[in-house]
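Enquirer: Attaching a single structure in structure tokens format; questions to follow.
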Amino acid sequence: MNTKPTQRELEEFVNREIGNCQSSLINMLLNKNQDGFDDEHITNYEKTREQLLDEGYTDRQINDADIDNGYQDIFEWWTIGEWMKDQLLEQGEPILENDYGTWWGRTTTGQSIAIDSVIEAIYTKLHNN
């Protein structure tokens, strides 16, 4: 039975699986292009076909070689573990990984992480399998 998780369940899930916000540190290192902190180390940084369709592009426009699909807007960087990294990658979320750690590039901001649709999708998949 697929049931919608409660806000409390999602908040407890986030508290277990998502670490600290390190946006200032990661942005500083990315801006300085420090070793391991560059665009090449961010997986899922370019927008996917699905994201472009959600933005209103047509299949024809996406298939046109002239379209530059650009990059996802990352507003925050959060430390994550290996399991959560795999889950977020599966959802098409940006992940920065190097010898210093692993971070989720959150593409929303201004609300609790527990409200993010990607978090609910991961939680629901985990508890309905």
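Naming works like this for the structure tokens: A, B, ... for the chains as they're shown, residue 1 at the start of each chain, ligands 1 onward in shown order.
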Give me the residues within 12 Å of region 93-105 of chain A as an mmCIF file with C-alpha atoms, in the first residue's frame, counting only C-alpha atoms and dropping any in the same chain fewer than 5 places off.
Expert:
data_model
loop_
_atom_site.group_PDB
_atom_site.id
_atom_site.type_symbol
_atom_site.label_atom_id
_atom_site.label_comp_id
_atom_site.auth_asym_id
_atom_site.auth_seq_id
_atom_site.Cartn_x
_atom_site.Cartn_y
_atom_site.Cartn_z
ATOM 1 C CA GLU A 17 20.451 10.928 6.005
ATOM 2 C CA ILE A 18 21.461 14.542 5.357
ATOM 3 C CA GLY A 19 24.453 16.061 7.121
ATOM 4 C CA ASN A 20 25.528 19.668 7.478
ATOM 5 C CA CYS A 21 25.040 22.592 5.159
ATOM 6 C CA GLN A 22 28.445 23.612 3.805
ATOM 7 C CA SER A 23 27.359 26.010 1.073
ATOM 8 C CA LEU A 25 32.787 26.453 2.056
ATOM 9 C CA ILE A 26 31.934 24.573 -1.152
ATOM 10 C CA ASN A 27 31.084 27.725 -3.097
ATOM 11 C CA LEU A 29 36.336 26.223 -3.115
ATOM 12 C CA LEU A 30 34.433 25.997 -6.416
ATOM 13 C CA GLN A 34 40.530 24.173 -5.822
ATOM 14 C CA ASP A 35 41.749 20.633 -6.456
ATOM 15 C CA GLY A 36 38.661 18.410 -6.711
ATOM 16 C CA PHE A 37 36.269 21.339 -6.524
ATOM 17 C CA ASP A 38 35.287 22.072 -10.104
ATOM 18 C CA ASP A 39 32.414 21.420 -12.493
ATOM 19 C CA GLU A 40 34.036 18.183 -13.668
ATOM 20 C CA HIS A 41 33.505 16.653 -10.219
ATOM 21 C CA ILE A 42 29.755 17.429 -10.166
ATOM 22 C CA THR A 43 27.629 14.556 -11.447
ATOM 23 C CA ASN A 44 24.183 15.466 -12.870
ATOM 24 C CA TYR A 45 25.162 19.127 -13.162
ATOM 25 C CA GLU A 46 23.821 19.454 -16.706
ATOM 26 C CA LYS A 47 20.063 19.488 -17.021
ATOM 27 C CA THR A 48 18.472 16.251 -18.145
ATOM 28 C CA GLN A 51 14.158 18.649 -16.675
ATOM 29 C CA TYR A 71 23.235 23.639 -15.789
ATOM 30 C CA GLN A 72 21.064 23.069 -12.779
ATOM 31 C CA ASP A 73 20.860 25.960 -10.332
ATOM 32 C CA ILE A 74 22.469 24.787 -7.112
ATOM 33 C CA PHE A 75 21.539 26.903 -4.094
ATOM 34 C CA GLU A 76 22.934 24.851 -1.219
ATOM 35 C CA TRP A 77 25.548 22.148 -0.576
ATOM 36 C CA TRP A 78 24.848 19.433 2.030
ATOM 37 C CA THR A 79 27.095 16.600 3.225
ATOM 38 C CA ILE A 80 25.701 13.134 2.542
ATOM 39 C CA GLY A 81 26.707 9.503 2.932
ATOM 40 C CA GLU A 82 27.180 6.848 0.291
ATOM 41 C CA TRP A 83 23.641 5.440 0.431
ATOM 42 C CA MET A 84 21.988 8.852 0.091
ATOM 43 C CA LYS A 85 24.390 9.751 -2.710
ATOM 44 C CA ASP A 86 23.191 6.740 -4.694
ATOM 45 C CA GLN A 87 19.538 7.634 -4.075
ATOM 46 C CA LEU A 88 20.011 11.270 -5.101
ATOM 47 C CA ILE A 113 14.588 19.889 3.085
ATOM 48 C CA ASP A 116 11.617 18.753 -1.181
ATOM 49 C CA SER A 117 9.871 16.449 -3.644
ATOM 50 C CA VAL A 118 13.092 14.492 -4.196
ATOM 51 C CA ILE A 119 13.260 13.623 -0.491
ATOM 52 C CA ILE A 122 13.335 8.646 -2.015
#
Enquirer: Per DSSP on the backbone, filter chain A down to the residues in strand (DSSP E or B) and report them as a PyMOL selection string.
Expert: chain A and resi 18-21+42-43+46+71+76-80+95-98+101-106
Enquirer: Quote the spacing between CA of His127 (chain A) and CA of Arg16 (chain A) in Å to one decimal place.
Expert: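 It comes out at 14.9 Å.
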Enquirer: Measure the distance from CA of Gln7 (chain A) to CA of Glu120 (chain A) in Å and round it to one decimal.
Expert: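 Between CA of Gln7 (chain A) and CA of Glu120 (chain A) the gap is 9.5 Å.
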Enquirer: I'd like the interatomic distance between CA of Val14 (chain A) and CA of Leu89 (chain A), to a tenth of an Å.
Expert: 16.3 Å
Enquirer: Please identify the helix (DSSP H, G or I) residues within chain A (assignment by DSSP from backbone atoms) and present them as a PDB file with N, CA and C atoms, in the first residue's frame.
Expert:
ATOM      1  N   GLN A   7       4.922  14.581   7.626  1.00  0.00           N
ATOM      2  CA  GLN A   7       6.010  15.550   7.703  1.00  0.00           C
ATOM      3  C   GLN A   7       7.034  15.123   8.750  1.00  0.00           C
ATOM      4  N   ARG A   8       6.571  14.569   9.837  1.00  0.00           N
ATOM      5  CA  ARG A   8       7.480  14.120  10.892  1.00  0.00           C
ATOM      6  C   ARG A   8       8.383  12.989  10.390  1.00  0.00           C
ATOM      7  N   GLU A   9       7.808  12.038   9.651  1.00  0.00           N
ATOM      8  CA  GLU A   9       8.602  10.937   9.099  1.00  0.00           C
ATOM      9  C   GLU A   9       9.680  11.474   8.158  1.00  0.00           C
ATOM     10  N   LEU A  10       9.309  12.435   7.326  1.00  0.00           N
ATOM     11  CA  LEU A  10      10.273  13.016   6.388  1.00  0.00           C
ATOM     12  C   LEU A  10      11.366  13.786   7.122  1.00  0.00           C
ATOM     13  N   GLU A  11      11.001  14.514   8.155  1.00  0.00           N
ATOM     14  CA  GLU A  11      11.990  15.266   8.939  1.00  0.00           C
ATOM     15  C   GLU A  11      12.968  14.325   9.640  1.00  0.00           C
ATOM     16  N   GLU A  12      12.462  13.224  10.196  1.00  0.00           N
ATOM     17  CA  GLU A  12      13.338  12.234  10.835  1.00  0.00           C
ATOM     18  C   GLU A  12      14.271  11.599   9.802  1.00  0.00           C
ATOM     19  N   PHE A  13      13.754  11.335   8.617  1.00  0.00           N
ATOM     20  CA  PHE A  13      14.554  10.778   7.524  1.00  0.00           C
ATOM     21  C   PHE A  13      15.678  11.736   7.145  1.00  0.00           C
ATOM     22  N   VAL A  14      15.359  13.011   6.990  1.00  0.00           N
ATOM     23  CA  VAL A  14      16.366  14.026   6.650  1.00  0.00           C
ATOM     24  C   VAL A  14      17.415  14.118   7.757  1.00  0.00           C
ATOM     25  N   ASN A  15      16.979  14.107   8.999  1.00  0.00           N
ATOM     26  CA  ASN A  15      17.931  14.191  10.120  1.00  0.00           C
ATOM     27  C   ASN A  15      18.893  13.012  10.143  1.00  0.00           C
ATOM     28  N   ARG A  16      18.439  11.851   9.676  1.00  0.00           N
ATOM     29  CA  ARG A  16      19.300  10.662   9.625  1.00  0.00           C
ATOM     30  C   ARG A  16      20.227  10.667   8.418  1.00  0.00           C
ATOM     31  N   GLU A  17      19.753  11.133   7.277  1.00  0.00           N
ATOM     32  CA  GLU A  17      20.451  10.928   6.005  1.00  0.00           C
ATOM     33  C   GLU A  17      21.186  12.137   5.449  1.00  0.00           C
ATOM     34  N   SER A  23      27.448  25.205   2.290  1.00  0.00           N
ATOM     35  CA  SER A  23      27.359  26.010   1.073  1.00  0.00           C
ATOM     36  C   SER A  23      28.484  27.032   0.949  1.00  0.00           C
ATOM     37  N   SER A  24      28.751  27.762   2.014  1.00  0.00           N
ATOM     38  CA  SER A  24      29.791  28.799   1.938  1.00  0.00           C
ATOM     39  C   SER A  24      31.149  28.192   1.609  1.00  0.00           C
ATOM     40  N   LEU A  25      31.500  27.111   2.281  1.00  0.00           N
ATOM     41  CA  LEU A  25      32.787  26.453   2.056  1.00  0.00           C
ATOM     42  C   LEU A  25      32.894  25.927   0.621  1.00  0.00           C
ATOM     43  N   ILE A  26      31.883  25.180   0.180  1.00  0.00           N
ATOM     44  CA  ILE A  26      31.934  24.573  -1.152  1.00  0.00           C
ATOM     45  C   ILE A  26      31.927  25.641  -2.237  1.00  0.00           C
ATOM     46  N   ASN A  27      31.096  26.654  -2.091  1.00  0.00           N
ATOM     47  CA  ASN A  27      31.084  27.725  -3.097  1.00  0.00           C
ATOM     48  C   ASN A  27      32.425  28.447  -3.175  1.00  0.00           C
ATOM     49  N   MET A  28      33.065  28.676  -2.022  1.00  0.00           N
ATOM     50  CA  MET A  28      34.381  29.311  -2.024  1.00  0.00           C
ATOM     51  C   MET A  28      35.394  28.436  -2.760  1.00  0.00           C
ATOM     52  N   LEU A  29      35.393  27.135  -2.470  1.00  0.00           N
ATOM     53  CA  LEU A  29      36.336  26.223  -3.115  1.00  0.00           C
ATOM     54  C   LEU A  29      36.046  26.099  -4.615  1.00  0.00           C
ATOM     55  N   LEU A  30      34.778  26.057  -4.989  1.00  0.00           N
ATOM     56  CA  LEU A  30      34.433  25.997  -6.416  1.00  0.00           C
ATOM     57  C   LEU A  30      34.865  27.273  -7.134  1.00  0.00           C
ATOM     58  N   ASN A  31      34.656  28.423  -6.496  1.00  0.00           N
ATOM     59  CA  ASN A  31      35.048  29.695  -7.112  1.00  0.00           C
ATOM     60  C   ASN A  31      36.554  29.813  -7.282  1.00  0.00           C
ATOM     61  N   ASP A  39      33.604  21.950 -11.824  1.00  0.00           N
ATOM     62  CA  ASP A  39      32.414  21.420 -12.493  1.00  0.00           C
ATOM     63  C   ASP A  39      32.575  19.961 -12.907  1.00  0.00           C
ATOM     64  N   GLU A  40      33.797  19.555 -13.216  1.00  0.00           N
ATOM     65  CA  GLU A  40      34.036  18.183 -13.668  1.00  0.00           C
ATOM     66  C   GLU A  40      33.762  17.152 -12.580  1.00  0.00           C
ATOM     67  N   HIS A  41      33.754  17.569 -11.325  1.00  0.00           N
ATOM     68  CA  HIS A  41      33.505  16.653 -10.219  1.00  0.00           C
ATOM     69  C   HIS A  41      32.031  16.641  -9.786  1.00  0.00           C
ATOM     70  N   ARG A  49      17.076  15.640 -20.000  1.00  0.00           N
ATOM     71  CA  ARG A  49      15.961  15.755 -20.951  1.00  0.00           C
ATOM     72  C   ARG A  49      14.642  15.992 -20.201  1.00  0.00           C
ATOM     73  N   GLU A  50      14.422  15.239 -19.124  1.00  0.00           N
ATOM     74  CA  GLU A  50      13.198  15.372 -18.337  1.00  0.00           C
ATOM     75  C   GLU A  50      13.080  16.768 -17.732  1.00  0.00           C
ATOM     76  N   GLN A  51      14.190  17.306 -17.247  1.00  0.00           N
ATOM     77  CA  GLN A  51      14.158  18.649 -16.675  1.00  0.00           C
ATOM     78  C   GLN A  51      13.830  19.689 -17.750  1.00  0.00           C
ATOM     79  N   LEU A  52      14.394  19.514 -18.940  1.00  0.00           N
ATOM     80  CA  LEU A  52      14.100  20.439 -20.030  1.00  0.00           C
ATOM     81  C   LEU A  52      12.636  20.351 -20.446  1.00  0.00           C
ATOM     82  N   LEU A  53      12.090  19.137 -20.487  1.00  0.00           N
ATOM     83  CA  LEU A  53      10.667  18.987 -20.808  1.00  0.00           C
ATOM     84  C   LEU A  53       9.814  19.674 -19.746  1.00  0.00           C
ATOM     85  N   ASP A  54      10.190  19.525 -18.481  1.00  0.00           N
ATOM     86  CA  ASP A  54       9.470  20.201 -17.397  1.00  0.00           C
ATOM     87  C   ASP A  54       9.522  21.715 -17.531  1.00  0.00           C
ATOM     88  N   ASP A  59      10.349  18.137 -27.570  1.00  0.00           N
ATOM     89  CA  ASP A  59      11.320  17.123 -28.000  1.00  0.00           C
ATOM     90  C   ASP A  59      12.139  17.641 -29.177  1.00  0.00           C
ATOM     91  N   ARG A  60      11.476  18.322 -30.085  1.00  0.00           N
ATOM     92  CA  ARG A  60      12.174  18.848 -31.273  1.00  0.00           C
ATOM     93  C   ARG A  60      13.248  19.848 -30.863  1.00  0.00           C
ATOM     94  N   GLN A  61      12.925  20.745 -29.947  1.00  0.00           N
ATOM     95  CA  GLN A  61      13.918  21.713 -29.485  1.00  0.00           C
ATOM     96  C   GLN A  61      15.090  21.023 -28.784  1.00  0.00           C
ATOM     97  N   ILE A  62      14.771  20.031 -27.981  1.00  0.00           N
ATOM     98  CA  ILE A  62      15.829  19.328 -27.243  1.00  0.00           C
ATOM     99  C   ILE A  62      16.735  18.569 -28.207  1.00  0.00           C
ATOM    100  N   ASN A  63      16.159  17.978 -29.242  1.00  0.00           N
ATOM    101  CA  ASN A  63      16.950  17.227 -30.215  1.00  0.00           C
ATOM    102  C   ASN A  63      17.753  18.121 -31.145  1.00  0.00           C
ATOM    103  N   GLU A  82      27.164   7.642   1.522  1.00  0.00           N
ATOM    104  CA  GLU A  82      27.180   6.848   0.291  1.00  0.00           C
ATOM    105  C   GLU A  82      25.785   6.410  -0.151  1.00  0.00           C
ATOM    106  N   TRP A  83      24.979   5.913   0.786  1.00  0.00           N
ATOM    107  CA  TRP A  83      23.641   5.440   0.431  1.00  0.00           C
ATOM    108  C   TRP A  83      22.794   6.578  -0.135  1.00  0.00           C
ATOM    109  N   MET A  84      22.800   7.721   0.548  1.00  0.00           N
ATOM    110  CA  MET A  84      21.988   8.852   0.091  1.00  0.00           C
ATOM    111  C   MET A  84      22.518   9.378  -1.234  1.00  0.00           C
ATOM    112  N   LYS A  85      23.821   9.347  -1.425  1.00  0.00           N
ATOM    113  CA  LYS A  85      24.390   9.751  -2.710  1.00  0.00           C
ATOM    114  C   LYS A  85      23.782   8.930  -3.838  1.00  0.00           C
ATOM    115  N   ASP A  86      23.748   7.617  -3.663  1.00  0.00           N
ATOM    116  CA  ASP A  86      23.191   6.740  -4.694  1.00  0.00           C
ATOM    117  C   ASP A  86      21.723   7.058  -4.969  1.00  0.00           C
ATOM    118  N   GLN A  87      20.967   7.320  -3.918  1.00  0.00           N
ATOM    119  CA  GLN A  87      19.538   7.634  -4.075  1.00  0.00           C
ATOM    120  C   GLN A  87      19.348   8.951  -4.821  1.00  0.00           C
ATOM    121  N   LEU A  88      20.125   9.956  -4.456  1.00  0.00           N
ATOM    122  CA  LEU A  88      20.011  11.270  -5.101  1.00  0.00           C
ATOM    123  C   LEU A  88      20.468  11.219  -6.558  1.00  0.00           C
ATOM    124  N   LEU A  89      21.520  10.464  -6.827  1.00  0.00           N
ATOM    125  CA  LEU A  89      21.971  10.315  -8.214  1.00  0.00           C
ATOM    126  C   LEU A  89      20.885   9.683  -9.073  1.00  0.00           C
ATOM    127  N   GLU A  90      20.221   8.686  -8.523  1.00  0.00           N
ATOM    128  CA  GLU A  90      19.141   8.016  -9.239  1.00  0.00           C
ATOM    129  C   GLU A  90      18.006   8.989  -9.573  1.00  0.00           C
ATOM    130  N   ILE A 113      14.215  20.963   4.006  1.00  0.00           N
ATOM    131  CA  ILE A 113      14.588  19.889   3.085  1.00  0.00           C
ATOM    132  C   ILE A 113      13.512  18.801   3.069  1.00  0.00           C
ATOM    133  N   ALA A 114      12.866  18.591   4.193  1.00  0.00           N
ATOM    134  CA  ALA A 114      11.830  17.553   4.282  1.00  0.00           C
ATOM    135  C   ALA A 114      10.663  17.820   3.332  1.00  0.00           C
ATOM    136  N   ILE A 115      10.531  19.025   2.838  1.00  0.00           N
ATOM    137  CA  ILE A 115       9.451  19.377   1.912  1.00  0.00           C
ATOM    138  C   ILE A 115       9.861  19.120   0.462  1.00  0.00           C
ATOM    139  N   SER A 117      10.521  17.596  -2.991  1.00  0.00           N
ATOM    140  CA  SER A 117       9.871  16.449  -3.644  1.00  0.00           C
ATOM    141  C   SER A 117      10.843  15.285  -3.810  1.00  0.00           C
ATOM    142  N   VAL A 118      12.111  15.561  -4.026  1.00  0.00           N
ATOM    143  CA  VAL A 118      13.092  14.492  -4.196  1.00  0.00           C
ATOM    144  C   VAL A 118      13.238  13.673  -2.911  1.00  0.00           C
ATOM    145  N   ILE A 119      13.157  14.321  -1.777  1.00  0.00           N
ATOM    146  CA  ILE A 119      13.260  13.623  -0.491  1.00  0.00           C
ATOM    147  C   ILE A 119      12.042  12.722  -0.288  1.00  0.00           C
ATOM    148  N   GLU A 120      10.866  13.247  -0.594  1.00  0.00           N
ATOM    149  CA  GLU A 120       9.657  12.430  -0.465  1.00  0.00           C
ATOM    150  C   GLU A 120       9.704  11.238  -1.416  1.00  0.00           C
ATOM    151  N   ALA A 121      10.216  11.449  -2.624  1.00  0.00           N
ATOM    152  CA  ALA A 121      10.308  10.352  -3.597  1.00  0.00           C
ATOM    153  C   ALA A 121      11.243   9.246  -3.098  1.00  0.00           C
ATOM    154  N   ILE A 122      12.381   9.635  -2.539  1.00  0.00           N
ATOM    155  CA  ILE A 122      13.335   8.646  -2.015  1.00  0.00           C
ATOM    156  C   ILE A 122      12.739   7.911  -0.829  1.00  0.00           C
ATOM    157  N   TYR A 123      12.130   8.651   0.084  1.00  0.00           N
ATOM    158  CA  TYR A 123      11.517   8.045   1.274  1.00  0.00           C
ATOM    159  C   TYR A 123      10.417   7.073   0.865  1.00  0.00           C
ATOM    160  N   THR A 124       9.563   7.488  -0.057  1.00  0.00           N
ATOM    161  CA  THR A 124       8.440   6.654  -0.484  1.00  0.00           C
ATOM    162  C   THR A 124       8.939   5.384  -1.170  1.00  0.00           C
ATOM    163  N   LYS A 125       9.952   5.525  -2.007  1.00  0.00           N
ATOM    164  CA  LYS A 125      10.529   4.339  -2.671  1.00  0.00           C
ATOM    165  C   LYS A 125      11.089   3.363  -1.636  1.00  0.00           C
ATOM    166  N   LEU A 126      11.784   3.875  -0.650  1.00  0.00           N
ATOM    167  CA  LEU A 126      12.389   3.050   0.389  1.00  0.00           C
ATOM    168  C   LEU A 126      11.326   2.294   1.197  1.00  0.00           C
ATOM    169  N   HIS A 127      10.238   2.960   1.517  1.00  0.00           N
ATOM    170  CA  HIS A 127       9.233   2.358   2.393  1.00  0.00           C
ATOM    171  C   HIS A 127       8.117   1.628   1.674  1.00  0.00           C
TER     172      HIS A 127
END
